[in-house]
>>> print(open('entry_20.cif').read())   # mmCIF, C-alpha atoms
data_start
loop_
_atom_site.group_PDB
_atom_site.id
_atom_site.type_symbol
_atom_site.label_atom_id
_atom_site.label_comp_id
_atom_site.auth_asym_id
_atom_site.auth_seq_id
_atom_site.Cartn_x
_atom_site.Cartn_y
_atom_site.Cartn_z
ATOM 1 C CA MET A 30 -28.206 52.320 -26.725
ATOM 2 C CA ARG A 31 -29.154 48.681 -26.497
ATOM 3 C CA THR A 32 -26.242 47.737 -28.767
ATOM 4 C CA ILE A 33 -23.793 49.625 -26.573
ATOM 5 C CA ILE A 34 -25.013 47.858 -23.432
ATOM 6 C CA MET A 35 -24.819 44.453 -25.133
ATOM 7 C CA SER A 36 -21.309 45.241 -26.382
ATOM 8 C CA MET A 37 -20.208 46.269 -22.886
ATOM 9 C CA VAL A 38 -21.680 43.093 -21.354
ATOM 10 C CA MET A 39 -19.908 40.932 -23.966
ATOM 11 C CA LEU A 40 -16.628 42.789 -23.407
ATOM 12 C CA PHE A 41 -16.988 42.321 -19.643
ATOM 13 C CA LEU A 42 -17.673 38.584 -20.005
ATOM 14 C CA MET A 43 -14.741 38.104 -22.366
ATOM 15 C CA SER A 44 -12.346 39.879 -20.009
ATOM 16 C CA ALA A 45 -13.506 37.680 -17.112
ATOM 17 C CA CYS A 46 -12.706 34.561 -19.131
ATOM 18 C CA GLY A 47 -8.908 34.747 -19.035
ATOM 19 C CA THR A 48 -6.570 31.837 -19.572
ATOM 20 C CA THR A 49 -6.838 28.916 -17.164
ATOM 21 C CA GLY A 50 -3.286 27.711 -17.160
ATOM 22 C CA ASN A 51 -2.937 27.100 -20.880
ATOM 23 C CA GLY A 52 -1.527 30.540 -21.703
ATOM 24 C CA ASN A 53 2.079 31.514 -22.149
ATOM 25 C CA ASN A 54 2.360 33.111 -18.727
ATOM 26 C CA PRO A 55 4.355 30.744 -16.443
ATOM 27 C CA ALA A 56 2.568 32.145 -13.396
ATOM 28 C CA ASN A 57 -0.722 30.850 -14.788
ATOM 29 C CA SER A 58 0.542 27.495 -16.013
ATOM 30 C CA THR A 59 -0.423 24.270 -14.255
ATOM 31 C CA PRO A 60 2.592 22.160 -13.258
ATOM 32 C CA VAL A 61 2.824 18.769 -14.918
ATOM 33 C CA ILE A 62 3.843 15.905 -12.625
ATOM 34 C CA ASP A 63 5.281 12.773 -14.175
ATOM 35 C CA PRO A 64 3.778 9.782 -12.274
ATOM 36 C CA ASN A 65 6.687 7.612 -13.439
ATOM 37 C CA ALA A 66 9.368 9.924 -12.090
ATOM 38 C CA PRO A 67 11.618 8.345 -9.430
ATOM 39 C CA VAL A 68 10.868 9.207 -5.820
ATOM 40 C CA ASP A 69 13.723 10.354 -3.601
ATOM 41 C CA VAL A 70 13.822 8.167 -0.487
ATOM 42 C CA THR A 71 17.045 9.569 0.909
ATOM 43 C CA PRO A 72 16.756 9.561 4.715
ATOM 44 C CA ILE A 73 16.375 12.909 6.437
ATOM 45 C CA ASP A 74 18.721 13.234 9.428
ATOM 46 C CA GLY A 75 19.622 9.549 9.048
ATOM 47 C CA ASN A 76 16.091 8.334 9.877
ATOM 48 C CA PHE A 77 14.437 5.948 7.443
ATOM 49 C CA THR A 78 10.815 6.845 8.115
ATOM 50 C CA THR A 79 9.622 7.289 4.535
ATOM 51 C CA LEU A 80 7.050 4.673 3.603
ATOM 52 C CA PRO A 81 6.543 3.455 0.035
ATOM 53 C CA ALA A 82 3.555 4.819 -1.847
ATOM 54 C CA ASP A 83 0.293 2.876 -1.521
ATOM 55 C CA ASP A 84 0.459 1.840 -5.165
ATOM 56 C CA ASP A 85 4.054 0.627 -4.822
ATOM 57 C CA PRO A 86 4.260 -2.989 -6.024
ATOM 58 C CA ILE A 87 6.501 -3.971 -3.107
ATOM 59 C CA LEU A 88 5.192 -7.064 -1.341
ATOM 60 C CA PRO A 89 4.107 -6.557 2.264
ATOM 61 C CA ALA A 90 7.316 -8.167 3.566
ATOM 62 C CA PRO A 91 9.179 -6.311 6.330
ATOM 63 C CA GLN A 92 11.216 -3.430 4.866
ATOM 64 C CA PRO A 93 14.431 -1.700 6.005
ATOM 65 C CA VAL A 94 12.425 1.509 6.583
ATOM 66 C CA ASP A 95 10.383 -0.277 9.273
ATOM 67 C CA ALA A 96 13.104 0.284 11.898
ATOM 68 C CA GLY A 97 11.942 3.854 12.594
ATOM 69 C CA LEU A 98 8.219 3.074 12.510
ATOM 70 C CA SER A 99 5.627 2.001 15.065
ATOM 71 C CA ILE A 100 4.209 -1.513 14.894
ATOM 72 C CA GLY A 101 0.428 -1.872 15.024
ATOM 73 C CA ASN A 102 -2.329 -4.387 14.461
ATOM 74 C CA ALA A 103 -3.755 -5.775 11.269
ATOM 75 C CA TYR A 104 -7.322 -6.963 11.837
ATOM 76 C CA LEU A 105 -7.790 -10.181 9.859
ATOM 77 C CA GLU A 106 -11.266 -11.090 8.638
ATOM 78 C CA SER A 107 -10.388 -13.886 6.220
ATOM 79 C CA THR A 108 -7.404 -16.172 5.669
ATOM 80 C CA ASP A 109 -7.033 -19.087 3.295
ATOM 81 C CA LEU A 110 -4.333 -21.365 1.951
ATOM 82 C CA LEU A 111 -4.179 -21.610 -1.818
ATOM 83 C CA ILE A 112 -2.402 -24.714 -3.126
ATOM 84 C CA LEU A 113 -1.245 -24.261 -6.711
ATOM 85 C CA GLU A 114 -1.210 -27.265 -8.991
ATOM 86 C CA SER A 115 2.479 -27.324 -9.785
ATOM 87 C CA TYR A 116 5.550 -29.397 -9.106
ATOM 88 C CA PRO A 117 7.035 -28.767 -6.695
ATOM 89 C CA ILE A 118 3.900 -27.668 -4.902
ATOM 90 C CA GLN A 119 3.513 -23.889 -4.472
ATOM 91 C CA VAL A 120 1.517 -22.473 -1.565
ATOM 92 C CA ASN A 121 -0.013 -18.983 -1.361
ATOM 93 C CA LEU A 122 -1.669 -17.318 1.603
ATOM 94 C CA TYR A 123 -4.761 -15.156 1.038
ATOM 95 C CA LEU A 124 -5.308 -12.389 3.621
ATOM 96 C CA SER A 125 -8.205 -9.984 3.927
ATOM 97 C CA GLY A 126 -9.004 -7.519 6.678
ATOM 98 C CA ASN A 127 -8.449 -3.970 7.874
ATOM 99 C CA LEU A 128 -5.577 -1.770 8.966
ATOM 100 C CA PRO A 129 -6.135 0.727 11.829
ATOM 101 C CA THR A 130 -5.829 3.781 9.541
ATOM 102 C CA PRO A 131 -4.958 4.615 5.916
ATOM 103 C CA CYS A 132 -1.486 5.632 7.194
ATOM 104 C CA HIS A 133 -0.711 2.058 8.311
ATOM 105 C CA HIS A 134 1.023 -0.275 5.874
ATOM 106 C CA LEU A 135 0.575 -4.041 5.860
ATOM 107 C CA ARG A 136 3.508 -6.270 6.733
ATOM 108 C CA VAL A 137 3.646 -10.075 6.448
ATOM 109 C CA LYS A 138 6.643 -11.891 7.931
ATOM 110 C CA ILE A 139 6.900 -15.511 6.813
ATOM 111 C CA ASN A 140 9.130 -17.678 8.973
ATOM 112 C CA ASP A 141 10.809 -20.841 7.727
ATOM 113 C CA PRO A 142 9.192 -24.133 8.808
ATOM 114 C CA ASP A 143 10.311 -25.300 12.249
ATOM 115 C CA LYS A 144 11.402 -28.883 13.079
ATOM 116 C CA ASP A 145 7.735 -29.946 13.283
ATOM 117 C CA ASN A 146 6.951 -28.443 9.833
ATOM 118 C CA ARG A 147 4.973 -25.570 11.301
ATOM 119 C CA ILE A 148 5.081 -22.342 9.318
ATOM 120 C CA TYR A 149 4.460 -19.254 11.450
ATOM 121 C CA VAL A 150 3.305 -16.095 9.681
ATOM 122 C CA ASP A 151 3.131 -12.731 11.448
ATOM 123 C CA VAL A 152 0.661 -10.204 9.996
ATOM 124 C CA TYR A 153 0.880 -6.665 11.352
ATOM 125 C CA SER A 154 1.062 -3.030 10.286
ATOM 126 C CA VAL A 155 3.610 -0.230 10.533
ATOM 127 C CA SER A 156 3.108 3.521 10.597
ATOM 128 C CA ASN A 157 4.986 6.720 11.233
ATOM 129 C CA PRO A 158 3.829 7.857 14.703
ATOM 130 C CA GLU A 159 4.352 11.523 13.793
ATOM 131 C CA THR A 160 1.945 11.428 10.848
ATOM 132 C CA MET A 161 -1.529 12.874 11.333
ATOM 133 C CA CYS A 162 -4.073 10.485 9.846
ATOM 134 C CA THR A 163 -7.799 10.045 9.460
ATOM 135 C CA GLN A 164 -9.094 7.625 12.082
ATOM 136 C CA VAL A 165 -10.885 5.181 9.814
ATOM 137 C CA LEU A 166 -10.203 1.533 8.999
ATOM 138 C CA GLU A 167 -8.304 0.838 5.773
ATOM 139 C CA PRO A 168 -9.300 -2.449 4.075
ATOM 140 C CA PHE A 169 -6.713 -4.746 2.533
ATOM 141 C CA ASP A 170 -6.964 -7.812 0.340
ATOM 142 C CA THR A 171 -3.733 -9.537 -0.701
ATOM 143 C CA THR A 172 -2.140 -12.854 -1.579
ATOM 144 C CA VAL A 173 1.432 -13.655 -0.575
ATOM 145 C CA SER A 174 3.523 -16.613 -1.635
ATOM 146 C CA LEU A 175 4.707 -18.973 1.077
ATOM 147 C CA GLY A 176 6.944 -20.700 -1.469
ATOM 148 C CA SER A 177 7.591 -24.348 -2.253
ATOM 149 C CA PHE A 178 8.403 -27.073 0.243
ATOM 150 C CA SER A 179 10.170 -30.400 0.450
ATOM 151 C CA PRO A 180 7.920 -33.477 0.839
ATOM 152 C CA GLY A 181 6.068 -33.612 4.147
ATOM 153 C CA HIS A 182 2.992 -32.509 6.089
ATOM 154 C CA TYR A 183 2.885 -28.796 7.014
ATOM 155 C CA GLU A 184 0.711 -26.636 9.277
ATOM 156 C CA VAL A 185 0.340 -22.887 8.736
ATOM 157 C CA TYR A 186 -0.219 -20.514 11.659
ATOM 158 C CA VAL A 187 -1.146 -16.847 11.204
ATOM 159 C CA ASN A 188 -0.613 -14.666 14.288
ATOM 160 C CA GLY A 189 -0.468 -17.819 16.425
ATOM 161 C CA GLU A 190 -3.690 -19.398 15.124
ATOM 162 C CA MET A 191 -3.637 -22.453 12.855
ATOM 163 C CA ILE A 192 -5.409 -21.636 9.602
ATOM 164 C CA GLY A 193 -4.698 -24.738 7.566
ATOM 165 C CA GLU A 194 -2.420 -27.581 6.621
ATOM 166 C CA PHE A 195 -1.154 -29.185 3.434
ATOM 167 C CA ASP A 196 0.970 -32.053 2.155
ATOM 168 C CA SER A 197 3.845 -31.443 -0.148
#
>>> encode(input="entry_20.cif", output="structure tokens")
Amino acid sequence: MRTIIMSMVMLFLMSACGTTGNGNNPANSTPVIDPNAPVDVTPIDGNFTTLPADDDPILPAPQPVDAGLSIGNAYLESTDLLILESYPIQVNLYLSGNLPTPCHHLRVKINDPDKDNRIYVDVYSVSNPETMCTQVLEPFDTTVSLGSFSPGHYEVYVNGEMIGEFDS
């Protein structure tokens, strides 16, 4: 009797342990997603409101898709000019701070130097206003290239505030 009960328990346990997606039944199979597959960014109804993925290597420069998005703040905590030892001199801008939500994407607009050799940089965020998003700050930490410059003394302003100067 004990052997029959043990056999029934084993049979019950074995029947409960079916395939977990590795069987031949397509209904039980787990779909495989290729992370390198191209993403379709064709506009829906003519509106370019699709943002690039967070891991997209696109620099935070303004994008054509920004036209249909809302502009928001980027809260800067740290800025610094990085002068590379090269000829001609190369200048990078380090930015660290927070975006209003994880659905906001950083944008950095670098303007050409004006007649007084002032370089104005606008740092802001864009988001799709129709997207529901967790209301939590999203940290960012990035370096953008300001480029190389002809000889002269330059001042760099980020969101209207002077953050540094350099000689080229």
>>> resolve_selection(input="entry_20.cif", expression="the PyMOL selection byres ((chain A and resi 91) around 6)", output="PDB file with C-alpha atoms, in the frame of the given file")
ATOM      1  CA  ALA A  90       7.316  -8.167   3.566  1.00  0.00           C
ATOM      2  CA  GLN A  92      11.216  -3.430   4.866  1.00  0.00           C
ATOM      3  CA  ARG A 136       3.508  -6.270   6.733  1.00  0.00           C
TER       4      ARG A 136
END
>>> closest_residue(input="entry_20.cif", among="A:Leu166, A:Leu98, A:Ile148, A:Leu135", to="His182 (chain A)", atoms="all atoms listed in the file")
A:Ile148
>>> resolve_selection(input="entry_20.cif", expression="the PyMOL selection byres ((chain A and resi 100) around 10)", output="NGL selection string")
:A and (95-99 or 101-103 or 133-134 or 136 or 153-158)
>>> write_last_selection(input="entry_20.cif", atoms="C-alpha atoms", output="compact mmCIF listing (two decimals), in the coordinates of the input")
# COMPACT_ATOMS: atom_id res chain seq x y z
CA ASP A 95 10.38 -0.28 9.27
CA ALA A 96 13.10 0.28 11.90
CA GLY A 97 11.94 3.85 12.59
CA LEU A 98 8.22 3.07 12.51
CA SER A 99 5.63 2.00 15.06
CA GLY A 101 0.43 -1.87 15.02
CA ASN A 102 -2.33 -4.39 14.46
CA ALA A 103 -3.76 -5.78 11.27
CA HIS A 133 -0.71 2.06 8.31
CA HIS A 134 1.02 -0.28 5.87
CA ARG A 136 3.51 -6.27 6.73
CA TYR A 153 0.88 -6.66 11.35
CA SER A 154 1.06 -3.03 10.29
CA VAL A 155 3.61 -0.23 10.53
CA SER A 156 3.11 3.52 10.60
CA ASN A 157 4.99 6.72 11.23
CA PRO A 158 3.83 7.86 14.70
>>> atom_distance(input="entry_20.cif", atom1="CA of Leu124 (chain A)", atom2="CA of Cys162 (chain A)")
23.7 Å
>>> closest_residue(input="entry_20.cif", among="A:Pro129, A:Pro89, A:Pro142, A:Pro117", to="Tyr186 (chain A)", atoms="only C-alpha atoms")
A:Pro142
>>> atom_distance(input="entry_20.cif", atom1="CA of Gly193 (chain A)", atom2="CA of Asp109 (chain A)")
7.5 Å
>>> residues_around(input="entry_20.cif", residues="Asp170 (chain A)", least_positions_apart="3", cutoff="8 Å", atoms="only C-alpha atoms", output="count of residues only")
4
>>> closest_residue(input="entry_20.cif", among="A:Thr130, A:Asp145, A:Leu111, A:Phe195", to="Ser174 (chain A)", atoms="only C-alpha atoms")
A:Leu111
>>> residues_around(input="entry_20.cif", residues="Gly176 (chain A)", least_positions_apart="6", cutoff="8 Å", atoms="all atoms listed in the file", output="number ranges by chain")
A: 119-121
>>> atom_distance(input="entry_20.cif", atom1="CA of Gln164 (chain A)", atom2="CA of Val152 (chain A)")
20.4 Å
